[in-house]
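Structure data follow from run.cif (mmCIF, C-alpha atoms):
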```
data_target
loop_
_atom_site.label_atom_id
_atom_site.label_comp_id
_atom_site.auth_asym_id
_atom_site.auth_seq_id
_atom_site.Cartn_x
_atom_site.Cartn_y
_atom_site.Cartn_z
CA ALA L 238 33.24 68.69 72.07
CA GLY L 239 34.03 69.19 68.39
CA ALA L 240 32.75 71.87 66.02
CA GLU L 241 29.58 70.25 64.75
CA ASP L 242 25.84 70.75 64.61
CA THR L 243 24.03 69.67 67.77
CA LYS L 244 20.32 69.05 67.45
CA ILE L 245 17.22 67.23 68.57
CA VAL L 246 14.94 65.92 65.84
CA PHE L 247 11.22 65.46 66.35
CA ASP L 248 10.15 62.72 63.95
CA GLY L 249 6.50 63.29 63.11
CA ASN L 250 4.18 61.08 61.14
CA ALA L 251 4.29 63.27 58.02
CA GLN L 252 6.77 66.01 58.98
CA ASP L 253 10.02 66.31 60.94
CA TYR L 254 11.16 69.32 62.99
CA HIS L 255 14.53 70.14 64.51
CA ILE L 256 15.85 72.32 67.30
CA GLY L 257 19.55 72.90 67.86
CA LEU L 258 22.82 74.79 67.42
CA ASP L 259 23.92 75.32 63.81
CA ASP L 260 27.73 75.33 63.82
CA THR L 261 27.84 77.15 60.46
CA ASP L 262 26.90 80.46 62.10
CA ASP L 263 26.64 79.46 65.78
CA ASP L 264 22.92 80.30 65.81
CA PHE L 265 20.24 78.44 67.75
CA LYS L 266 17.53 77.35 65.30
CA ILE L 267 14.09 75.80 65.29
CA GLY L 268 12.92 74.63 61.93
CA LEU L 269 11.36 72.22 59.49
CA GLY L 270 13.09 68.99 58.47
CA SER L 271 15.53 66.67 60.15
CA SER L 272 18.73 68.62 59.38
CA LEU L 273 19.95 71.95 60.71
CA GLY L 274 20.56 74.40 57.89
CA THR L 275 17.34 73.45 56.13
CA THR L 276 14.20 75.55 56.65
CA ALA L 277 14.73 77.63 59.80
CA HIS L 278 11.54 79.06 61.29
CA ILE L 279 13.02 80.76 64.38
CA ILE L 280 16.66 81.86 64.71
CA CYS L 281 18.39 83.20 67.81
CA ASP L 282 21.90 84.56 67.32
CA GLU L 283 24.69 84.79 69.89
CA ALA L 284 23.63 88.35 70.81
CA GLY L 285 20.06 87.24 71.60
CA HIS L 286 18.41 88.67 68.48
CA VAL L 287 15.42 86.53 67.48
CA THR L 288 14.29 86.50 63.86
CA MET L 289 11.56 84.60 62.05
CA PRO L 290 12.62 84.60 58.39
CA LEU L 291 9.35 83.07 57.18
CA GLN L 292 7.06 85.36 59.21
CA SER L 293 4.61 87.20 56.99
CA CYS L 294 5.97 90.73 56.40
CA PHE L 295 5.88 92.92 53.29
CA CYS L 296 6.55 96.43 52.04
CA ALA L 297 5.62 97.77 48.61
CA THR L 298 6.10 101.19 47.01
CA MET L 299 4.75 102.87 43.89
CA HIS L 300 6.22 102.67 40.41
CA GLY L 301 7.95 105.56 38.67
CA SER L 302 4.84 107.39 37.41
CA ASP L 303 2.26 109.43 39.31
CA GLN L 304 -1.16 107.76 39.62
CA ASN L 305 -4.07 109.89 38.42
CA ILE L 306 -7.14 109.69 40.70
CA ASP L 307 -10.77 110.48 39.88
CA THR L 308 -13.94 110.67 42.03
CA ASN L 309 -14.41 106.88 42.01
CA ASN L 310 -12.88 104.50 44.54
CA ASN L 311 -9.33 104.02 43.29
CA THR L 312 -6.95 101.24 44.33
CA VAL L 313 -3.54 102.71 45.12
CA GLN L 314 -0.99 101.01 42.88
CA TYR L 315 1.84 99.87 45.14
CA SER L 316 3.51 97.83 42.41
CA VAL L 317 7.15 97.60 43.52
CA GLU L 318 7.97 95.08 46.26
CA ARG L 319 10.72 96.31 48.57
CA PHE L 320 10.52 93.00 50.44
CA ASP L 321 8.04 90.19 50.89
CA LEU L 322 9.28 87.58 53.36
CA ASN L 323 6.58 84.99 52.78
CA ALA L 324 5.47 85.85 49.20
CA ASP L 325 2.04 87.06 50.39
CA TYR L 326 1.92 90.36 48.48
CA ASN L 327 0.75 90.53 44.86
CA ALA L 328 2.34 93.52 43.12
CA GLY L 329 0.08 93.05 40.08
CA SER L 330 -3.19 93.41 42.02
CA TYR L 331 -1.68 95.60 44.83
CA THR L 332 -3.12 93.16 47.37
CA PHE L 333 -1.84 91.39 50.48
CA THR L 334 -3.26 87.92 51.19
CA ALA L 335 -3.06 86.59 54.75
CA PRO L 336 -1.32 83.18 54.78
CA VAL L 337 -2.73 82.24 58.21
CA THR L 338 -5.50 83.43 60.51
CA GLY L 339 -4.20 86.15 62.82
CA LYS L 340 -3.92 89.83 63.64
CA TYR L 341 -2.00 91.92 61.10
CA LEU L 342 -0.66 95.46 61.44
CA ILE L 343 -1.34 97.12 58.08
CA SER L 344 -0.06 100.60 57.18
CA ALA L 345 -0.37 102.81 54.13
CA MET L 346 1.13 106.17 53.28
CA PHE L 347 1.22 108.32 50.15
CA SER L 348 1.71 111.91 49.03
CA HIS L 349 -0.69 113.66 46.68
CA GLN L 350 -0.70 116.84 44.64
CA ASP L 351 -3.09 119.09 42.74
CA ILE L 352 -6.20 118.31 44.78
CA ALA L 353 -8.85 121.02 44.82
CA ASP L 354 -11.28 119.23 47.14
CA ASN L 355 -10.83 119.63 50.89
CA TYR L 356 -10.66 115.99 51.95
CA VAL L 357 -9.49 112.54 50.89
CA ARG L 358 -10.94 109.27 52.13
CA VAL L 359 -8.28 106.60 52.64
CA GLY L 360 -9.36 103.00 53.15
CA LEU L 361 -7.70 99.76 54.14
CA VAL L 362 -10.18 97.49 52.39
CA SER L 363 -10.12 93.95 53.76
CA SER L 364 -12.26 90.86 53.28
CA ASN L 365 -13.87 91.02 56.75
CA LYS L 366 -14.05 94.75 57.45
CA SER L 367 -12.79 97.93 55.83
CA TYR L 368 -11.11 100.72 57.80
CA TYR L 369 -11.63 104.25 56.49
CA THR L 370 -10.22 107.57 57.58
CA ILE L 371 -11.19 110.94 56.17
CA GLN L 372 -8.29 113.34 56.15
CA GLU L 373 -8.10 116.99 55.31
CA ALA L 374 -6.39 117.35 51.98
CA GLY L 375 -5.34 120.97 52.33
CA GLU L 376 -7.52 122.53 49.69
CA ASN L 377 -5.49 124.06 46.84
CA THR L 378 -2.17 123.19 48.49
CA PRO L 379 0.40 121.61 46.19
CA PHE L 380 1.40 118.59 48.35
CA ASN L 381 0.09 116.61 51.32
CA THR L 382 0.79 113.23 52.90
CA MET L 383 -1.95 110.78 53.87
CA GLN L 384 -1.57 107.85 56.28
CA SER L 385 -3.74 105.02 57.53
CA HIS L 386 -2.92 102.22 60.00
CA ALA L 387 -4.94 99.44 61.60
CA VAL L 388 -4.54 96.09 63.33
CA ILE L 389 -6.80 93.90 61.22
CA ASP L 390 -8.26 90.52 62.15
CA MET L 391 -7.74 88.38 59.06
CA ASP L 392 -8.55 84.77 58.31
CA ALA L 393 -6.28 82.67 56.09
CA SER L 394 -6.75 83.80 52.45
CA ASP L 395 -8.36 87.14 53.42
CA THR L 396 -7.07 90.10 51.45
CA VAL L 397 -6.41 93.80 52.02
CA TYR L 398 -5.58 96.69 49.67
CA VAL L 399 -5.52 100.50 49.83
CA GLU L 400 -8.32 102.58 48.33
CA VAL L 401 -8.69 106.38 47.98
CA ASN L 402 -11.23 108.86 46.72
CA SER L 403 -12.32 112.46 47.12
CA GLU L 404 -15.83 113.84 46.97
CA ASN L 405 -15.59 116.21 44.03
CA ASP L 406 -12.08 116.33 42.63
CA SER L 407 -11.82 114.23 39.47
CA ASP L 408 -8.21 114.97 38.55
CA TRP L 409 -5.49 114.73 41.17
CA ASN L 410 -2.34 112.67 41.53
CA ILE L 411 -0.72 110.32 43.99
CA ARG L 412 2.98 111.04 43.69
CA ALA L 413 5.23 108.21 42.56
CA GLY L 414 7.90 106.96 44.93
CA GLU L 415 6.60 108.85 47.97
CA GLY L 416 4.66 106.24 49.88
CA GLN L 417 4.46 102.66 50.96
CA PHE L 418 2.02 99.89 51.81
CA SER L 419 3.28 97.48 54.47
CA GLY L 420 2.15 94.91 56.95
CA HIS L 421 3.13 92.03 59.16
CA LEU L 422 1.64 89.30 61.30
CA VAL L 423 1.48 90.51 64.91
CA ALA L 424 -0.29 87.65 66.69
#
```
Is it possible to give me this structure as structure tokens?
Amino acid sequence: AGAEDTKIVFDGNAQDYHIGLDDTDDDFKIGLGSSLGTTAHIICDEAGHVTMPLQSCFCATMHGSDQNIDTNNNTVQYSVERFDLNADYNAGSYTFTAPVTGKYLISAMFSHQDIADNYVRVGLVSSNKSYYTIQEAGENTPFNTMQSHAVIDMDASDTVYVEVNSENDSDWNIRAGEGQFSGHLVA
């Protein structure tokens, strides 16, 4: 009847889990450990909103300089993490690594300028299968936006990054600050 945490603890051989009401914020929590307020895996607030603060989810953007692209396959340099809930994105290699086997929704978007060729190939390059789209670049137009999205079947430790190229244009730019690379575990 008092204001206190109410919980059930599941005492495992090597790991404990808890489920209960955390009186600190009046949220219903399921998590790791024997005490509420430790590592919450699923949280339901009083309004019914369910969050999973450790669920794999990331979003990265580009740094402050345009990225020059040539006719080779070029990795798009999404080097600024906006958020990374489970620390699965590497801003140095521009690569997401799946922490668990599952289906991941992966999206990429960027703007380009100064392309003279008439198409750009955008790829979500993953360990198991790569997903390419060829998009009209708007020959001799100053700016265009490219997008690519896929639900990708990934095993634990599989990776994915964004790759672009054009057939003939050896000197065009991906505009800084005008795109993002994001993804999250769907199932």
Test item: residues at most 7 Å from stretch 325-341 of chain L, all atoms listed in the file, excluding those fewer than 2 positions along its chain, as a list in words | Phe295, Gln314, Tyr315, Ser316, Val317, Glu318, Asp321, Asn323, Ile343, Val388, Ile389, Asp390, Met391, Asp392, Ala393, Ser394, Asp395, Thr396, Val397, Tyr398, Gly420, His421, Leu422, Val423 and Ala424 of chain L
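Minimum atom-to-atom distance to L:Asn405, evaluated using only C-alpha atoms, belongs to L:Val357 out of L:Glu373, L:Val357, L:Leu273, L:Asn311.
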Centre and edge lengths of an axis-aligned box around all listed atoms of stretch 403-415 of chain L, with 4 Å added on each side, are to be given in Å to one decimal, as JSON.
```
{"center_x": -4.0, "center_y": 111.6, "center_z": 43.3, "size_x": 31.7, "size_y": 17.4, "size_z": 17.4}
```
Review point. How would you write, as an MDAnalysis selection string, the residues chosen by the PyMOL selection byres ((chain L and resi 281) around 12) on this structure?
Key: chainID L and resid 256:259 262:268 277:280 282:290
- Query: Between L:Leu322, L:Val399, L:Val313, L:Gln304, which one has atoms that come closest to L:Gln292, using only C-alpha atoms?
  - Reply: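 That would be L:Leu322, the residue with the smallest distance to L:Gln292.
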Across L:Gly301, L:Gly416, L:Gly360, L:Gly270, the smallest distance to L:Gln252, with all atoms listed in the file counted, is shown by L:Gly270
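Distance-wise, atom CA of L:Arg358 and atom CA of L:Ala324 end up 28.7 Å apart.
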Which residues fall under the PyMOL selection byres ((chain L and resi 414) around 10) in this file, as a ChimeraX atom specification? /L:298-303,315,317,347-348,411-413,415-417
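Here atom CA of L:Asn410 is placed at a distance of 13.9 Å from atom CA of L:Met346.
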* Asked: Applied to this file, what does the PyMOL selection byres ((chain L and resi 384) around 7) return in terms of residues, put as a ChimeraX atom specification?
  -> /L:345-347,382-383,385-386
- Residue list as a ChimeraX atom specification for point (-10.8, 104.5, 55.4), cut-off 7 Å, all atoms listed in the file: /L:358-361,367-371
TODO: Tell me, in Å to one decimal, how far atom CA of L:Ser271 is from atom CA of L:Leu291.
DONE: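 We find that atom CA of L:Ser271 and atom CA of L:Leu291 lie 17.8 Å from each other.
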